[in-house]
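Undergrad: File name target19.txt; file contents compact mmCIF, C-alpha atoms and all ligand atoms; full text below.
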```txt
# COMPACT_ATOMS: atom_id res chain seq x y z
CA MET A 1 23.40 4.59 -6.62
CA ILE A 2 20.60 4.36 -4.05
CA ARG A 3 21.12 1.36 -1.77
CA VAL A 4 17.81 -0.49 -1.19
CA LEU A 5 17.05 -3.16 1.43
CA VAL A 6 13.82 -5.15 1.06
CA ASN A 7 11.94 -6.24 4.19
CA GLY A 8 9.64 -9.21 3.54
CA ALA A 9 11.99 -10.11 0.64
CA ALA A 10 10.70 -13.69 0.29
CA GLY A 11 7.04 -12.70 0.17
CA ARG A 12 4.79 -12.28 -2.89
CA MET A 13 5.36 -8.52 -3.13
CA GLY A 14 8.86 -8.44 -1.60
CA SER A 15 10.29 -10.92 -4.10
CA GLU A 16 8.85 -8.88 -6.98
CA VAL A 17 10.50 -5.77 -5.48
CA VAL A 18 13.85 -7.57 -5.26
CA ARG A 19 13.65 -8.51 -8.97
CA SER A 20 12.67 -4.95 -9.94
CA VAL A 21 15.41 -3.28 -7.88
CA LEU A 22 18.00 -5.56 -9.51
CA ALA A 23 16.80 -4.40 -12.95
CA GLU A 24 16.34 -0.69 -12.15
CA ASP A 25 18.88 1.98 -13.16
CA GLY A 26 20.04 4.07 -10.22
CA LEU A 27 19.08 1.48 -7.57
CA GLU A 28 21.35 -1.09 -5.96
CA LEU A 29 20.01 -4.04 -3.94
CA CYS A 30 21.97 -4.29 -0.69
CA GLY A 31 20.04 -7.13 0.94
CA GLY A 32 16.82 -8.71 2.06
CA VAL A 33 15.18 -9.41 5.42
CA ASP A 34 12.54 -12.08 5.93
CA ILE A 35 11.56 -13.88 9.08
CA GLY A 36 10.57 -17.17 7.44
CA ALA A 37 13.45 -17.41 4.93
CA ALA A 38 16.29 -16.09 7.13
CA GLY A 39 19.67 -17.72 6.49
CA LYS A 40 18.82 -18.77 2.93
CA ASP A 41 20.25 -17.38 -0.31
CA LEU A 42 18.00 -14.53 -1.51
CA GLY A 43 18.42 -15.32 -5.21
CA GLU A 44 17.54 -18.98 -4.69
CA VAL A 45 14.49 -18.13 -2.57
CA ILE A 46 13.00 -15.81 -5.20
CA GLY A 47 13.85 -18.13 -8.07
CA ILE A 48 16.57 -16.19 -9.93
CA GLY A 49 19.43 -18.52 -8.93
CA HIS A 50 22.16 -18.20 -6.30
CA ASN A 51 23.20 -14.55 -5.82
CA GLY A 52 25.33 -14.81 -2.67
CA MET A 53 23.10 -12.57 -0.51
CA THR A 54 22.00 -14.26 2.71
CA ILE A 55 18.55 -13.22 3.92
CA ASP A 56 18.70 -11.59 7.37
CA LYS A 57 16.21 -12.39 10.11
CA THR A 58 15.77 -8.85 11.41
CA LEU A 59 16.34 -5.28 10.30
CA LYS A 60 18.83 -4.97 13.16
CA ASP A 61 20.93 -7.83 11.70
CA ALA A 62 20.84 -6.19 8.27
CA PHE A 63 21.74 -2.73 9.60
CA ALA A 64 24.74 -4.26 11.41
CA LYS A 65 26.22 -4.96 7.93
CA GLY A 66 25.75 -1.31 6.90
CA LYS A 67 22.79 1.04 6.67
CA PRO A 68 20.91 1.25 3.37
CA ASP A 69 19.53 4.50 1.91
CA VAL A 70 15.99 3.13 1.65
CA ILE A 71 13.99 0.27 3.14
CA VAL A 72 11.06 -1.10 1.15
CA ASP A 73 8.64 -2.88 3.49
CA PHE A 74 6.10 -5.47 2.34
CA THR A 75 5.72 -7.58 5.49
CA SER A 76 2.63 -7.81 7.67
CA PRO A 77 0.18 -5.40 9.35
CA LYS A 78 1.16 -7.07 12.65
CA VAL A 79 4.74 -5.81 12.50
CA ILE A 80 4.71 -2.75 10.27
CA TYR A 81 4.50 -0.12 13.02
CA GLU A 82 7.52 -1.51 14.90
CA ASN A 83 9.45 -1.96 11.62
CA ALA A 84 8.79 1.61 10.51
CA LYS A 85 9.59 3.03 13.94
CA TYR A 86 12.94 1.22 14.02
CA VAL A 87 13.88 2.33 10.49
CA LEU A 88 12.96 5.99 11.01
CA GLU A 89 14.63 6.13 14.44
CA ASN A 90 17.79 4.99 12.65
CA GLY A 91 17.46 7.92 10.22
CA VAL A 92 16.83 5.65 7.20
CA ASN A 93 14.20 6.48 4.54
CA ILE A 94 11.30 4.05 4.16
CA VAL A 95 8.80 3.10 1.45
CA ILE A 96 5.87 1.22 2.98
CA GLY A 97 3.48 -0.95 1.00
CA THR A 98 2.35 -3.03 3.99
CA THR A 99 -1.19 -2.17 5.00
CA GLY A 100 -2.56 -1.72 8.51
CA LEU A 101 -1.00 1.49 9.87
CA THR A 102 -3.63 3.63 11.63
CA ALA A 103 -3.85 7.41 11.17
CA LYS A 104 -2.53 7.83 14.74
CA GLN A 105 0.44 5.53 14.04
CA ARG A 106 1.22 7.44 10.83
CA GLU A 107 1.19 10.67 12.80
CA GLU A 108 3.57 9.21 15.39
CA LEU A 109 5.90 7.97 12.64
CA ALA A 110 5.84 11.41 10.98
CA GLY A 111 6.97 12.87 14.33
CA ILE A 112 9.91 10.45 14.52
CA ALA A 113 10.83 11.18 10.89
CA GLU A 114 10.84 14.90 11.59
CA LYS A 115 13.23 14.43 14.50
CA THR A 116 15.71 12.17 12.68
CA GLY A 117 15.44 13.82 9.23
CA ALA A 118 14.43 10.56 7.51
CA ASN A 119 11.74 10.59 4.79
CA GLY A 120 9.01 8.09 4.12
CA LEU A 121 5.98 7.14 2.08
CA VAL A 122 3.05 4.91 3.02
CA ALA A 123 1.09 3.93 -0.09
CA PRO A 124 -1.94 1.65 0.15
CA ASN A 125 -1.57 1.19 -3.59
CA PHE A 126 1.50 1.60 -5.80
CA SER A 127 -0.33 1.09 -9.07
CA LEU A 128 -0.54 4.30 -11.10
CA GLY A 129 -3.99 3.33 -12.44
CA ALA A 130 -5.35 2.83 -8.93
CA VAL A 131 -3.98 6.20 -7.78
CA LEU A 132 -5.65 7.88 -10.78
CA LEU A 133 -8.92 6.05 -9.97
CA MET A 134 -8.83 7.56 -6.47
CA LYS A 135 -8.14 11.03 -7.83
CA VAL A 136 -10.97 10.89 -10.39
CA SER A 137 -13.38 9.37 -7.81
CA ALA A 138 -12.82 12.33 -5.49
CA GLU A 139 -13.56 14.74 -8.35
CA ILE A 140 -16.79 12.92 -9.32
CA SER A 141 -17.94 12.90 -5.65
CA LYS A 142 -18.30 16.66 -5.78
CA TYR A 143 -21.22 16.21 -8.19
CA MET A 144 -22.42 12.65 -7.45
CA PRO A 145 -22.26 12.06 -3.66
CA ASN A 146 -24.11 8.69 -3.70
CA ALA A 147 -21.45 6.05 -4.21
CA GLU A 148 -20.42 2.52 -3.28
CA ILE A 149 -17.01 0.85 -3.54
CA ILE A 150 -16.48 -2.82 -4.34
CA GLU A 151 -12.93 -4.05 -3.78
CA LEU A 152 -11.95 -7.57 -4.84
CA HIS A 153 -8.78 -9.37 -3.69
CA HIS A 154 -7.31 -12.87 -3.34
CA ASN A 155 -8.40 -14.80 -0.23
CA HIS A 156 -4.93 -14.63 1.40
CA LYS A 157 -5.18 -10.89 1.94
CA TYR A 158 -4.80 -10.11 5.66
CA ASP A 159 -7.27 -7.27 6.02
CA ALA A 160 -10.56 -5.79 4.86
CA PRO A 161 -11.39 -3.33 3.56
CA SER A 162 -8.26 -2.80 1.47
CA GLY A 163 -6.18 0.27 2.29
CA THR A 164 -6.97 1.53 -1.22
CA ALA A 165 -10.75 1.29 -0.69
CA LYS A 166 -10.43 3.09 2.64
CA LEU A 167 -8.28 5.88 1.19
CA THR A 168 -10.61 6.20 -1.84
CA ALA A 169 -13.60 6.60 0.51
CA GLU A 170 -11.71 9.16 2.64
CA LYS A 171 -10.82 11.23 -0.41
CA MET A 172 -14.38 10.99 -1.79
CA ALA A 173 -16.00 11.99 1.52
CA ALA A 174 -13.60 14.93 1.89
CA ALA A 175 -14.33 16.18 -1.66
CA ARG A 176 -18.17 16.00 -1.40
CA THR A 177 -20.01 19.30 -1.63
CA MET A 178 -23.43 17.81 -0.75
CA GLU A 179 -24.63 14.97 1.47
CA PRO A 180 -25.60 11.61 -0.11
CA GLU A 181 -29.22 10.46 0.05
CA ALA A 182 -30.04 8.14 2.97
CA ASP A 183 -29.83 4.36 2.46
CA GLU A 184 -33.29 3.12 3.53
CA THR A 185 -32.69 -0.63 3.09
CA LYS A 186 -33.13 -2.84 6.21
CA GLU A 187 -30.76 -5.83 6.32
CA SER A 188 -32.37 -9.23 6.93
CA LEU A 189 -28.89 -10.80 6.88
CA PRO A 190 -26.46 -8.76 9.04
CA GLY A 191 -23.58 -7.20 7.10
CA VAL A 192 -25.06 -7.85 3.68
CA ARG A 193 -24.99 -4.14 2.79
CA GLY A 194 -21.25 -3.94 3.50
CA GLY A 195 -19.31 -1.53 5.73
CA LYS A 196 -19.86 2.23 5.84
CA TYR A 197 -17.36 5.05 5.76
CA GLU A 198 -19.09 8.43 6.12
CA GLY A 199 -22.06 7.31 4.02
CA ILE A 200 -19.99 5.45 1.41
CA THR A 201 -20.63 1.68 1.44
CA ILE A 202 -17.60 -0.58 0.95
CA HIS A 203 -17.93 -4.25 -0.07
CA SER A 204 -14.89 -6.54 0.25
CA VAL A 205 -14.82 -9.64 -1.96
CA ARG A 206 -12.18 -12.32 -1.18
CA LEU A 207 -11.76 -15.14 -3.69
CA PRO A 208 -8.89 -17.19 -5.12
CA GLY A 209 -8.04 -15.90 -8.58
CA TYR A 210 -8.26 -12.18 -7.89
CA VAL A 211 -5.12 -10.01 -7.53
CA ALA A 212 -6.30 -6.46 -6.64
CA HIS A 213 -9.37 -4.85 -8.20
CA GLN A 214 -11.69 -1.98 -7.36
CA GLU A 215 -14.94 -0.55 -8.70
CA VAL A 216 -16.48 2.74 -7.69
CA LEU A 217 -20.18 3.11 -8.56
CA PHE A 218 -21.79 6.55 -8.55
CA GLY A 219 -25.59 6.78 -8.65
CA GLY A 220 -27.40 9.85 -10.00
CA TYR A 221 -30.92 10.51 -11.27
CA GLY A 222 -31.50 8.00 -14.06
CA GLU A 223 -27.78 7.44 -14.52
CA ILE A 224 -24.94 5.34 -13.10
CA LEU A 225 -21.26 6.04 -13.56
CA THR A 226 -18.90 3.09 -12.94
CA LEU A 227 -15.11 3.24 -12.71
CA ARG A 228 -13.04 0.08 -12.52
CA HIS A 229 -9.37 -0.65 -12.06
CA ASP A 230 -7.72 -4.08 -12.25
CA SER A 231 -4.20 -4.95 -11.15
CA LEU A 232 -3.73 -8.17 -13.09
CA ASP A 233 -0.22 -8.87 -11.90
CA ARG A 234 1.96 -7.74 -8.97
CA LYS A 235 4.24 -6.18 -11.61
CA SER A 236 1.66 -3.37 -11.86
CA PHE A 237 2.88 -2.07 -8.48
CA MET A 238 6.57 -2.00 -9.41
CA PRO A 239 6.89 1.29 -11.38
CA GLY A 240 5.32 3.06 -8.38
CA VAL A 241 7.64 1.32 -5.89
CA MET A 242 10.75 2.13 -7.98
CA LEU A 243 9.65 5.77 -8.30
CA ALA A 244 9.11 5.92 -4.52
CA CYS A 245 12.60 4.54 -3.78
CA LYS A 246 14.07 7.44 -5.76
CA LYS A 247 11.69 10.20 -4.63
CA CYS A 248 11.98 9.46 -0.91
CA MET A 249 15.63 10.49 -1.13
CA THR A 250 14.59 14.10 -1.80
CA VAL A 251 10.90 14.64 -0.92
CA LYS A 252 10.88 15.77 2.72
CA GLY A 253 8.65 14.29 5.39
CA PHE A 254 6.56 11.18 5.96
CA VAL A 255 3.64 11.20 3.52
CA TYR A 256 0.56 9.09 2.80
CA GLY A 257 -0.39 8.17 -0.78
CA LEU A 258 1.72 7.77 -3.92
CA GLU A 259 0.07 10.89 -5.39
CA ASN A 260 2.42 12.90 -3.11
CA TYR A 261 5.32 11.66 -5.26
CA LEU A 262 3.67 12.28 -8.65
CA GLU A 263 4.37 15.63 -10.35
P1 LIG B 1 3.36 -12.23 1.93
O1 LIG B 1 3.49 -12.98 0.65
O2 LIG B 1 2.83 -12.95 3.14
O3 LIG B 1 4.80 -11.63 2.26
C1 LIG B 1 5.16 -11.07 3.48
C2 LIG B 1 6.55 -11.58 3.81
O4 LIG B 1 7.02 -10.87 4.98
C3 LIG B 1 6.57 -13.07 4.17
O5 LIG B 1 7.68 -13.70 3.53
C4 LIG B 1 6.70 -13.06 5.69
O6 LIG B 1 7.33 -14.21 6.21
C5 LIG B 1 7.55 -11.83 5.89
N1 LIG B 1 7.46 -11.30 7.25
C6 LIG B 1 6.41 -11.32 8.11
N2 LIG B 1 6.75 -10.72 9.27
C7 LIG B 1 8.03 -10.30 9.13
C8 LIG B 1 8.94 -9.62 9.97
N3 LIG B 1 8.62 -9.27 11.22
N4 LIG B 1 10.18 -9.34 9.51
C9 LIG B 1 10.55 -9.73 8.26
N5 LIG B 1 9.73 -10.39 7.41
C10 LIG B 1 8.49 -10.67 7.84
O7 LIG B 1 2.43 -10.95 1.76
P2 LIG B 1 2.27 -10.00 0.46
O8 LIG B 1 1.14 -10.46 -0.38
O9 LIG B 1 3.61 -9.78 -0.17
O10 LIG B 1 1.76 -8.66 1.15
C11 LIG B 1 2.54 -7.96 2.12
C12 LIG B 1 1.82 -6.67 2.52
O11 LIG B 1 1.76 -5.80 1.38
C13 LIG B 1 0.36 -6.85 2.97
O12 LIG B 1 0.07 -5.93 4.01
C14 LIG B 1 -0.44 -6.51 1.71
O13 LIG B 1 -1.75 -6.08 1.99
C15 LIG B 1 0.41 -5.38 1.17
N6 LIG B 1 0.25 -5.07 -0.26
C16 LIG B 1 0.34 -3.76 -0.62
C17 LIG B 1 0.27 -3.38 -1.94
C18 LIG B 1 0.43 -1.92 -2.30
O14 LIG B 1 0.37 -1.56 -3.49
N7 LIG B 1 0.63 -1.05 -1.32
C19 LIG B 1 0.10 -4.37 -2.94
C20 LIG B 1 0.01 -5.70 -2.55
C21 LIG B 1 0.10 -6.05 -1.21
P3 LIG B 1 6.41 -15.45 6.72
O15 LIG B 1 5.60 -15.89 5.52
O16 LIG B 1 7.41 -16.46 7.18
O17 LIG B 1 5.55 -14.89 7.82
```
Give the structure from this file in structure tokens form.

TA:
Amino acid sequence: MIRVLVNGAAGRMGSEVVRSVLAEDGLELCGGVDIGAAGKDLGEVIGIGHNGMTIDKTLKDAFAKGKPDVIVDFTSPKVIYENAKYVLENGVNIVIGTTGLTAKQREELAGIAEKTGANGLVAPNFSLGAVLLMKVSAEISKYMPNAEIIELHHNHKYDAPSGTAKLTAEKMAAARTMEPEADETKESLPGVRGGKYEGITIHSVRLPGYVAHQEVLFGGYGEILTLRHDSLDRKSFMPGVMLACKKCMTVKGFVYGLENYLE
């Protein structure tokens, strides 16, 4: 059994991970950490009834009870670097869904992981459909370099653009074999054309009601190709998170993107 500790266990994603780990063959929940819900019963907090596991305030408190095999982190961009550093320095594997790590921070974490022998994954999106959308978008970019991304999320999301939109744009820009045509529009309202990543425009929509959605629009001569993915429920991320908890036990290194764990 792989012992899993969930950091951010009382949050929207963390509580879904707790429920999924409890139901998953081969995984064993060994605890939860959450700053706001520390000291409370984990089962009661996530609405499955008393389960006798007290939520710890810090990773250090949880580790004092015994080290897990894997940490799943869905906390906040403000704390993710320090969390990941602490976990990897302790030689524990980590699966990171929290957004906000910079490329430089990921590189530093990979260095720590190499030294301690721990493994890790940072995935801006754990939904299989979203990962496939990124893969296909990169392929299409080879032939249709003019593209825009529209990502739509709930209004409580911490950051913009989403990590998925950023990674999609990075993969598309890297796959391009020709430059996109110039955008000649002049903005009369600053920012109305969205943000740019290497010639790819990204628009971030934030409204109550959305979960996580993304469209990629490719423009050609007399034709438009549109791809769309919708995560309608946080459950859509769970198969990817469960897979990652198992794969990080054997796949060496600290990697970026769930595609690294797909055959
Ligand atoms: P959330 O509902 O706010 O949950 C975060 C939880 O972490 C809260 O309970 C929060 O407590 C707790 N927390 C904050 N700082 C902490 C710390 N230092 N130690 C322990 N717990 C701490 O947020 P969410 O919607 O679950 O999202 C969490 C992260 O996952 C975000 O970065 C989001 O963008 C990302 N996300 C990723 C994916 C993916 O597929 N990769 C999908 C959805 C979301 P308080 O409320 O008391 O601060």

Undergrad: Write out as CSV a residue-level contact list of chain A versus ligand LIG 1 (chain B) with cut-off 9 Å: for each qualifying residue the closest pair of atoms and the distance in Å to one decimal, counting all atoms listed in the file, rows sorted by chain and residue number upward.

TA:
```
residue,atom,partner,partner_atom,distance
A:Asn7,CA,B:LIG1,C9,5.5
A:Gly8,CA,B:LIG1,O4,3.4
A:Ala9,CA,B:LIG1,O5,6.3
A:Ala10,CA,B:LIG1,O5,4.4
A:Gly11,CA,B:LIG1,O3,3.2
A:Arg12,CA,B:LIG1,O1,3.8
A:Met13,CA,B:LIG1,O9,3.7
A:Gly14,CA,B:LIG1,O9,5.6
A:Ser15,CA,B:LIG1,O9,7.8
A:Glu16,CA,B:LIG1,O9,8.6
A:Gly32,CA,B:LIG1,C9,8.9
A:Val33,CA,B:LIG1,C9,5.4
A:Asp34,CA,B:LIG1,N5,3.6
A:Ile35,CA,B:LIG1,N5,4.3
A:Gly36,CA,B:LIG1,O16,3.2
A:Ala37,CA,B:LIG1,O16,6.5
A:Ala38,CA,B:LIG1,C9,8.6
A:Asp56,CA,B:LIG1,C9,8.4
A:Lys57,CA,B:LIG1,C9,6.5
A:Thr58,CA,B:LIG1,N4,5.9
A:Leu59,CA,B:LIG1,N4,7.4
A:Asp73,CA,B:LIG1,O11,7.8
A:Phe74,CA,B:LIG1,C11,4.3
A:Thr75,CA,B:LIG1,O4,3.6
A:Ser76,CA,B:LIG1,O12,4.8
A:Pro77,CA,B:LIG1,O12,5.4
A:Lys78,CA,B:LIG1,N2,7.5
A:Val79,CA,B:LIG1,N3,5.4
A:Ile80,CA,B:LIG1,N3,7.7
A:Glu82,CA,B:LIG1,N3,8.7
A:Asn83,CA,B:LIG1,N3,7.4
A:Ile96,CA,B:LIG1,N7,7.1
A:Gly97,CA,B:LIG1,N7,3.7
A:Thr98,CA,B:LIG1,O12,3.7
A:Thr99,CA,B:LIG1,O12,4.1
A:Gly100,CA,B:LIG1,O12,6.7
A:Val122,CA,B:LIG1,N7,7.8
A:Ala123,CA,B:LIG1,N7,5.2
A:Pro124,CA,B:LIG1,N7,4.0
A:Asn125,CA,B:LIG1,O14,3.4
A:Phe126,CA,B:LIG1,O14,4.1
A:Ser127,CA,B:LIG1,O14,6.2
A:His156,CA,B:LIG1,O8,7.6
A:Lys157,CA,B:LIG1,O13,5.9
A:Tyr158,CA,B:LIG1,O13,6.2
A:Asp159,CA,B:LIG1,O13,6.9
A:Ser162,CA,B:LIG1,O13,7.3
A:Gly163,CA,B:LIG1,O13,7.7
A:Thr164,CA,B:LIG1,N7,8.0
A:Val211,CA,B:LIG1,C20,8.3
A:Ala212,CA,B:LIG1,C20,7.6
A:Arg234,CA,B:LIG1,C20,7.0
A:Ser236,CA,B:LIG1,O14,8.7
A:Phe237,CA,B:LIG1,O14,5.6
A:Met238,CA,B:LIG1,O14,8.6
A:Gly240,CA,B:LIG1,O14,8.4
A:Val241,CA,B:LIG1,O14,8.2
```

Undergrad: Looking at A:Glu139, A:Glu215, A:Asp69, A:Glu108, which one is nearest to Lys85 (chain A), with distances taken over all atoms listed in the file?

TA: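 Under the stated criterion, the closest residue is A:Glu108.
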
Undergrad: Around the point (-9.3, -16.9, -8.9) (coordinates from the file), which residues reach within 10 Å if we count all atoms listed in the file? Answer as a PyMOL selection string.

TA: chain A and resi 153-155+206-211

Undergrad: Show which residues sit within 12 Å of Gly220 (chain A), as a list in words. Count only C-alpha atoms, and ignore same-chain residues fewer than 6 positions away.

TA: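 Residues meeting the cut-off are Ile140, Ser141, Tyr143, Met144, Pro145, Asn146, Ala147, Pro180, Glu181 and Thr226 of chain A.
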
Undergrad: Report, in Å to a single decimal, how far apart CA of Ala244 (chain A) and CA of Glu114 (chain A) are.

TA: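 Distance between the two atoms: 18.5 Å.
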
Undergrad: Compare A:Gly257, A:Ala173, A:Arg19, A:Ala62 by their minimum atom-to-atom distance to Gly47 (chain A), counting only C-alpha atoms, and give me the closest one.

TA: A:Arg19

Undergrad: Tell me, in Å to one decimal, how far CA of Ala165 (chain A) is from CA of Met249 (chain A).

TA: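 These two atoms are separated by 27.9 Å.
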
Undergrad: Tell me, as a compact mmCIF listing (two decimals) with C-alpha atoms, in the coordinates of the input, which residues lie within 9 Å of Arg106 (chain A), counting only C-alpha atoms; anything in the same chain fewer than 3 positions away does not count.

TA:
```txt
# COMPACT_ATOMS: atom_id res chain seq x y z
CA TYR A 81 4.50 -0.12 13.02
CA LEU A 101 -1.00 1.49 9.87
CA THR A 102 -3.63 3.63 11.63
CA ALA A 103 -3.85 7.41 11.17
CA LEU A 109 5.90 7.97 12.64
CA ALA A 110 5.84 11.41 10.98
CA GLY A 111 6.97 12.87 14.33
CA VAL A 122 3.05 4.91 3.02
CA PHE A 254 6.56 11.18 5.96
CA VAL A 255 3.64 11.20 3.52
CA TYR A 256 0.56 9.09 2.80
```

Undergrad: Might you pull out every residue within 12 Å of Asn90 (chain A), with all atoms listed in the file counted and same-chain residues fewer than 4 positions away left off, and present them as a PyMOL selection string?

TA: chain A and resi 59-60+63-64+66-71+83-86+94+112-113+115-119

Undergrad: By how many Å are CA of Asp233 (chain A) and CA of Leu22 (chain A) apart?

TA: 18.7 Å

Undergrad: When distances are computed from all atoms listed in the file, which of A:Gly194, A:Gly39, A:Gly129, A:Gly26 shows the smallest separation from Cys245 (chain A)?

TA: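 Residue with the minimum atom-to-atom distance to Cys245 (chain A): A:Gly26.
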
Undergrad: Here is a test: counting only C-alpha atoms, which residue of A:Leu217, A:Leu88, A:Val21, A:Ala174 is nearest to His203 (chain A)?

TA: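 The closest residue to His203 (chain A) is A:Leu217.
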